[in-house]
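What follows is structure-v4.pdb (PDB, C-alpha atoms).
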```pdb
ATOM      1  CA  MET A1173      -5.815   1.920  16.760
ATOM      2  CA  HIS A1174      -5.074   5.567  16.082
ATOM      3  CA  PRO A1175      -8.275   7.674  16.173
ATOM      4  CA  SER A1176      -7.642   9.044  12.667
ATOM      5  CA  LEU A1177      -8.142   5.536  11.256
ATOM      6  CA  LYS A1178     -11.566   4.834  12.800
ATOM      7  CA  LEU A1179     -14.478   4.432  10.402
ATOM      8  CA  SER A1180     -16.564   6.741  12.588
ATOM      9  CA  ASN A1181     -14.601   9.620  11.013
ATOM     10  CA  LEU A1182     -16.554   9.040   7.809
ATOM     11  CA  PHE A1183     -19.649  10.500   9.489
ATOM     12  CA  ARG A1184     -17.840  13.840   9.614
ATOM     13  CA  LEU A1185     -17.417  13.981   5.822
ATOM     14  CA  PRO A1186     -19.581  16.273   3.687
ATOM     15  CA  GLU A1187     -22.825  14.587   2.630
ATOM     16  CA  TYR A1188     -21.743  14.186  -1.003
ATOM     17  CA  LEU A1189     -18.704  12.121   0.093
ATOM     18  CA  LYS A1190     -20.156  10.329   3.113
ATOM     19  CA  GLN A1191     -22.244   7.785   1.161
ATOM     20  CA  ARG A1192     -19.423   6.954  -1.258
ATOM     21  CA  ALA A1193     -16.879   6.670   1.548
ATOM     22  CA  ASN A1194     -19.102   4.285   3.503
ATOM     23  CA  SER A1195     -19.774   2.275   0.366
ATOM     24  CA  ALA A1196     -16.047   2.131  -0.460
ATOM     25  CA  ALA A1197     -15.327   1.034   3.106
ATOM     26  CA  GLN A1198     -17.806  -1.818   2.533
ATOM     27  CA  GLY A1199     -15.885  -2.891  -0.573
ATOM     28  CA  SER A1200     -17.382  -0.921  -3.457
ATOM     29  CA  PHE A1201     -14.688  -0.756  -6.115
ATOM     30  CA  GLU A1202     -16.553   1.973  -8.030
ATOM     31  CA  ASP A1203     -16.792   4.200  -4.970
ATOM     32  CA  MET A1204     -13.149   3.548  -4.106
ATOM     33  CA  LEU A1205     -12.168   4.690  -7.593
ATOM     34  CA  TYR A1206     -14.282   7.811  -7.147
ATOM     35  CA  LEU A1207     -12.616   8.628  -3.816
ATOM     36  CA  VAL A1208      -9.117   8.184  -5.223
ATOM     37  CA  GLU A1209     -10.025  10.609  -8.010
ATOM     38  CA  GLU A1210     -11.542  13.042  -5.470
ATOM     39  CA  LEU A1211      -8.500  13.106  -3.170
ATOM     40  CA  SER A1212      -6.672  15.779  -5.127
ATOM     41  CA  ASN A1213      -9.758  18.024  -5.116
ATOM     42  CA  GLN A1214     -10.182  17.997  -1.353
ATOM     43  CA  PRO A1215      -8.626  20.112   1.389
ATOM     44  CA  GLU A1216      -6.407  18.367   3.910
ATOM     45  CA  SER A1217      -9.152  18.327   6.532
ATOM     46  CA  ILE A1218     -11.369  16.214   4.239
ATOM     47  CA  ARG A1219      -8.509  13.978   3.067
ATOM     48  CA  ARG A1220      -7.750  13.177   6.702
ATOM     49  CA  LEU A1221     -11.334  12.057   7.199
ATOM     50  CA  MET A1222     -11.085   9.757   4.153
ATOM     51  CA  THR A1223      -8.045   7.900   5.512
ATOM     52  CA  PRO A1224     -10.110   5.204   7.303
ATOM     53  CA  VAL A1225     -11.510   4.002   3.971
ATOM     54  CA  PHE A1226      -8.050   3.154   2.676
ATOM     55  CA  TYR A1227      -6.967   1.747   6.022
ATOM     56  CA  GLY A1228     -10.072  -0.426   6.176
ATOM     57  CA  THR A1229      -9.422  -2.007   2.814
ATOM     58  CA  LEU A1230      -6.041  -3.199   4.073
ATOM     59  CA  ASP A1231      -7.795  -5.337   6.700
ATOM     60  CA  PRO A1232      -6.200  -8.774   6.320
ATOM     61  CA  ALA A1233      -9.488 -10.400   7.342
ATOM     62  CA  ASP A1234     -10.848  -9.574   3.889
ATOM     63  CA  VAL A1235      -8.389 -11.371   1.635
ATOM     64  CA  ALA A1236     -11.019 -11.547  -1.115
ATOM     65  CA  ALA A1237     -10.487  -7.813  -1.650
ATOM     66  CA  LEU A1238      -7.155  -8.641  -3.291
ATOM     67  CA  HIS A1239      -9.005  -9.986  -6.297
ATOM     68  CA  GLN A1240     -10.818  -6.703  -6.912
ATOM     69  CA  LEU A1241      -8.218  -4.148  -6.001
ATOM     70  CA  ASP A1242      -5.653  -2.827  -8.381
ATOM     71  CA  SER A1243      -3.297  -0.215  -6.966
ATOM     72  CA  LEU A1244      -6.094   2.144  -5.940
ATOM     73  CA  ASP A1245      -5.850   1.590  -2.199
ATOM     74  CA  THR A1246      -2.108   1.926  -2.099
ATOM     75  CA  ASP A1247      -2.209   4.934  -4.443
ATOM     76  CA  GLY A1248      -4.750   6.643  -2.211
ATOM     77  CA  LEU A1249      -2.889   5.802   0.969
ATOM     78  CA  ALA A1250       0.441   6.852  -0.570
ATOM     79  CA  ALA A1251      -1.073  10.206  -1.553
ATOM     80  CA  LEU A1252      -2.373  10.744   1.970
ATOM     81  CA  ILE A1253       1.006   9.897   3.510
ATOM     82  CA  ALA A1254       2.926  11.980   0.966
ATOM     83  CA  ASP A1255       0.925  15.113   1.668
ATOM     84  CA  ARG A1256       1.146  14.429   5.414
ATOM     85  CA  SER A1257      -2.631  13.984   5.829
ATOM     86  CA  VAL A1258      -1.983  10.828   7.845
ATOM     87  CA  PRO A1259      -0.683  11.714  11.318
ATOM     88  CA  ARG A1260       2.694  10.173  12.146
ATOM     89  CA  GLU A1261       1.104   8.626  15.215
ATOM     90  CA  ALA A1262      -1.067   6.492  12.881
ATOM     91  CA  TYR A1263       1.918   4.997  11.024
ATOM     92  CA  HIS A1264       2.246   2.149  13.526
ATOM     93  CA  ASP A1265      -1.359   1.043  12.927
ATOM     94  CA  LEU A1266      -0.988   1.381   9.163
ATOM     95  CA  TRP A1267       2.283  -0.543   9.146
ATOM     96  CA  SER A1268       0.696  -3.306  11.197
ATOM     97  CA  ARG A1269      -1.975  -3.817   8.516
ATOM     98  CA  ILE A1270       0.520  -3.564   5.661
ATOM     99  CA  TRP A1271       2.826  -6.047   7.402
ATOM    100  CA  ASP A1272      -0.077  -8.503   7.780
ATOM    101  CA  TRP A1273      -0.499  -8.416   3.987
ATOM    102  CA  ILE A1274       3.228  -8.829   3.442
ATOM    103  CA  THR A1275       3.351 -11.857   5.713
ATOM    104  CA  PHE A1276       0.249 -13.277   4.017
ATOM    105  CA  LEU A1277       1.899 -12.937   0.618
ATOM    106  CA  ASP A1278       5.136 -14.353   1.998
ATOM    107  CA  ALA A1279       3.314 -17.408   3.354
ATOM    108  CA  PHE A1280       1.409 -17.766   0.074
ATOM    109  CA  ARG A1281       4.628 -17.721  -1.973
ATOM    110  CA  GLU A1282       5.188 -21.394  -1.179
ATOM    111  CA  HIS A1283       2.073 -22.182  -3.203
ATOM    112  CA  LEU A1284       3.449 -20.319  -6.197
ATOM    113  CA  ARG A1285       6.139 -21.451  -8.545
ATOM    114  CA  PHE A1286       8.688 -18.687  -8.947
ATOM    115  CA  THR A1287       8.002 -18.732 -12.665
ATOM    116  CA  ASP A1288       4.345 -17.866 -12.072
ATOM    117  CA  PRO A1289       2.988 -14.700 -13.636
ATOM    118  CA  LEU A1290       2.758 -13.082 -10.185
ATOM    119  CA  TRP A1291       6.529 -12.774  -9.945
ATOM    120  CA  LEU A1292       6.687 -11.468 -13.496
ATOM    121  CA  LEU A1293       3.993  -8.966 -12.587
ATOM    122  CA  ILE A1294       5.864  -7.860  -9.477
ATOM    123  CA  GLY A1295       9.138  -7.473 -11.343
ATOM    124  CA  SER A1296       7.570  -5.617 -14.250
ATOM    125  CA  THR A1297       5.409  -3.269 -12.174
ATOM    126  CA  PRO A1298       6.536   0.276 -12.975
ATOM    127  CA  GLY A1299       8.376   1.735 -10.018
ATOM    128  CA  VAL A1300       8.681  -1.469  -7.994
ATOM    129  CA  TRP A1301      12.488  -1.504  -8.269
ATOM    130  CA  VAL A1302      12.663   2.162  -7.261
ATOM    131  CA  VAL A1303      10.608   1.387  -4.152
ATOM    132  CA  ILE A1304      12.653  -1.711  -3.301
ATOM    133  CA  ALA A1305      15.953   0.153  -3.684
ATOM    134  CA  ARG A1306      14.609   3.115  -1.709
ATOM    135  CA  ALA A1307      13.469   0.777   1.084
ATOM    136  CA  TRP A1308      16.865  -0.931   1.044
ATOM    137  CA  GLY A1309      18.607   2.428   1.462
ATOM    138  CA  MET A1310      16.324   3.521   4.295
ATOM    139  CA  LEU A1311      16.763   0.213   6.100
ATOM    140  CA  LEU A1312      20.519   0.313   5.583
ATOM    141  CA  HIS A1313      20.685   3.846   6.977
ATOM    142  CA  ALA A1314      18.590   2.778   9.988
ATOM    143  CA  GLU A1315      20.776  -0.321  10.434
ATOM    144  CA  ASP A1316      17.583  -2.382  10.443
ATOM    145  CA  ILE A1317      18.940  -5.919  10.006
ATOM    146  CA  PRO A1318      15.535  -7.691  10.097
ATOM    147  CA  GLY A1319      14.219  -5.220   7.521
ATOM    148  CA  LEU A1320      17.261  -5.744   5.291
ATOM    149  CA  ASN A1321      16.747  -9.499   5.561
ATOM    150  CA  GLY A1322      13.133  -9.021   4.486
ATOM    151  CA  ILE A1323      14.115  -6.928   1.460
ATOM    152  CA  SER A1324      16.722  -9.557   0.572
ATOM    153  CA  VAL A1325      14.018 -12.220   0.568
ATOM    154  CA  VAL A1326      11.900 -10.052  -1.739
ATOM    155  CA  LEU A1327      14.833  -9.481  -4.087
ATOM    156  CA  ALA A1328      15.728 -13.186  -4.125
ATOM    157  CA  SER A1329      12.120 -14.241  -4.696
ATOM    158  CA  VAL A1330      11.484 -11.806  -7.512
ATOM    159  CA  LYS A1331      14.888 -12.439  -9.094
ATOM    160  CA  ALA A1332      14.063 -16.140  -9.251
ATOM    161  CA  GLY A1333      11.128 -15.459 -11.575
ATOM    162  CA  TYR A1334      12.017 -12.230 -13.327
ATOM    163  CA  ASP A1335      15.040 -11.180 -15.310
ATOM    164  CA  CYS A1336      16.012  -8.058 -13.401
ATOM    165  CA  THR A1337      19.174  -7.391 -15.368
ATOM    166  CA  GLY A1338      17.521  -5.159 -17.970
ATOM    167  CA  ILE A1339      18.584  -1.534 -18.381
ATOM    168  CA  ALA A1340      15.217  -0.173 -17.171
ATOM    169  CA  THR A1341      15.398  -2.280 -14.008
ATOM    170  CA  LEU A1342      18.969  -1.258 -13.297
ATOM    171  CA  ASP A1343      18.073   2.395 -13.875
ATOM    172  CA  ASP A1344      15.190   2.057 -11.408
ATOM    173  CA  LEU A1345      17.439   0.405  -8.814
ATOM    174  CA  ILE A1346      20.013   3.166  -9.216
ATOM    175  CA  SER A1347      17.332   5.856  -9.005
ATOM    176  CA  GLY A1348      15.757   4.307  -5.919
ATOM    177  CA  ALA A1349      19.136   4.013  -4.235
ATOM    178  CA  GLY A1350      19.624   7.750  -4.733
ATOM    179  CA  GLY A1351      21.891   7.713  -7.772
ATOM    180  CA  GLY A1352      21.591   8.759 -11.404
TER     181      GLY A1352
END
```
Take the structure in this file and express it as structure tokens.
Amino acid sequence: MHPSLKLSNLFRLPEYLKQRANSAAQGSFEDMLYLVEELSNQPESIRRLMTPVFYGTLDPADVAALHQLDSLDTDGLAALIADRSVPREAYHDLWSRIWDWITFLDAFREHLRFTDPLWLLIGSTPGVWVVIARAWGMLLHAEDIPGLNGISVVLASVKAGYDCTGIATLDDLISGAGGG
């Protein structure tokens, strides 16, 4: 694991953040919400030290966390990646955890009917089509055939339970693909 993702980094946080970060790392939803709100108020050096909290909540061993988490962990992690607080060398470790969740959800899909509310939720989540189209474009550019196959499975699965022919969805797909 990349050193930037180790929970021991939390001990280097200022005292007023240390307790909340440790509590969030142990699963406190309230403290996680606080940290997400605090991210924008912190210098990069502090944001880097907070990265292990978000990484830790992606641990596939704690599937129960899915029931409590909204988009806070991914919002926090996305903010850290976007402002380059997460070192590139840590991407492999992060991707490994994210991929574990993806494969968990993929395996779980067989227990869901494609008309279940989950697929409607996925398809109606603001920005999901932008992200899917953006990922498609990046994978296409990289000539990543396994990745393109994975995105195709996502598109086919979601399409089966969600009418993705609406104008808003098409606009998002176009936007994510780099058009319009």
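Between CA of His1174 (chain A) and CA of Ile1274 (chain A) the interatomic distance comes to 20.9 Å.
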Taking the file as I've supplied it (selection: the PyMOL selection byres ((chain A and resi 1300) around 12)), which residues are included? Please answer as a PyMOL selection string.
chain A and resi 1291-1299+1301-1307+1326-1327+1330+1336+1340-1345+1347-1348
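The smallest atom-to-atom distance between Lys1190 (chain A) and any of A:Ser1268, A:Ile1346, A:Ile1218, A:Val1325, using only C-alpha atoms, is found for A:Ile1218.
Each of A:Ser1324, A:Thr1229, A:Asn1213, A:Thr1275 was checked against Ser1200 (chain A) using only C-alpha atoms; the smallest atom-to-atom distance is that of A:Thr1229.
Rounded to one decimal, CA of Ala1328 (chain A) and CA of Gly1351 (chain A) lie 22.1 Å from each other.
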Which one of A:Arg1220, A:Trp1271, A:Asp1231, A:Arg1184 sits closest to Gly1322 (chain A) if you count only C-alpha atoms?
A:Trp1271
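For the pair CA of Gln1191 (chain A) and CA of Asp1203 (chain A), the interatomic distance is 9.0 Å.
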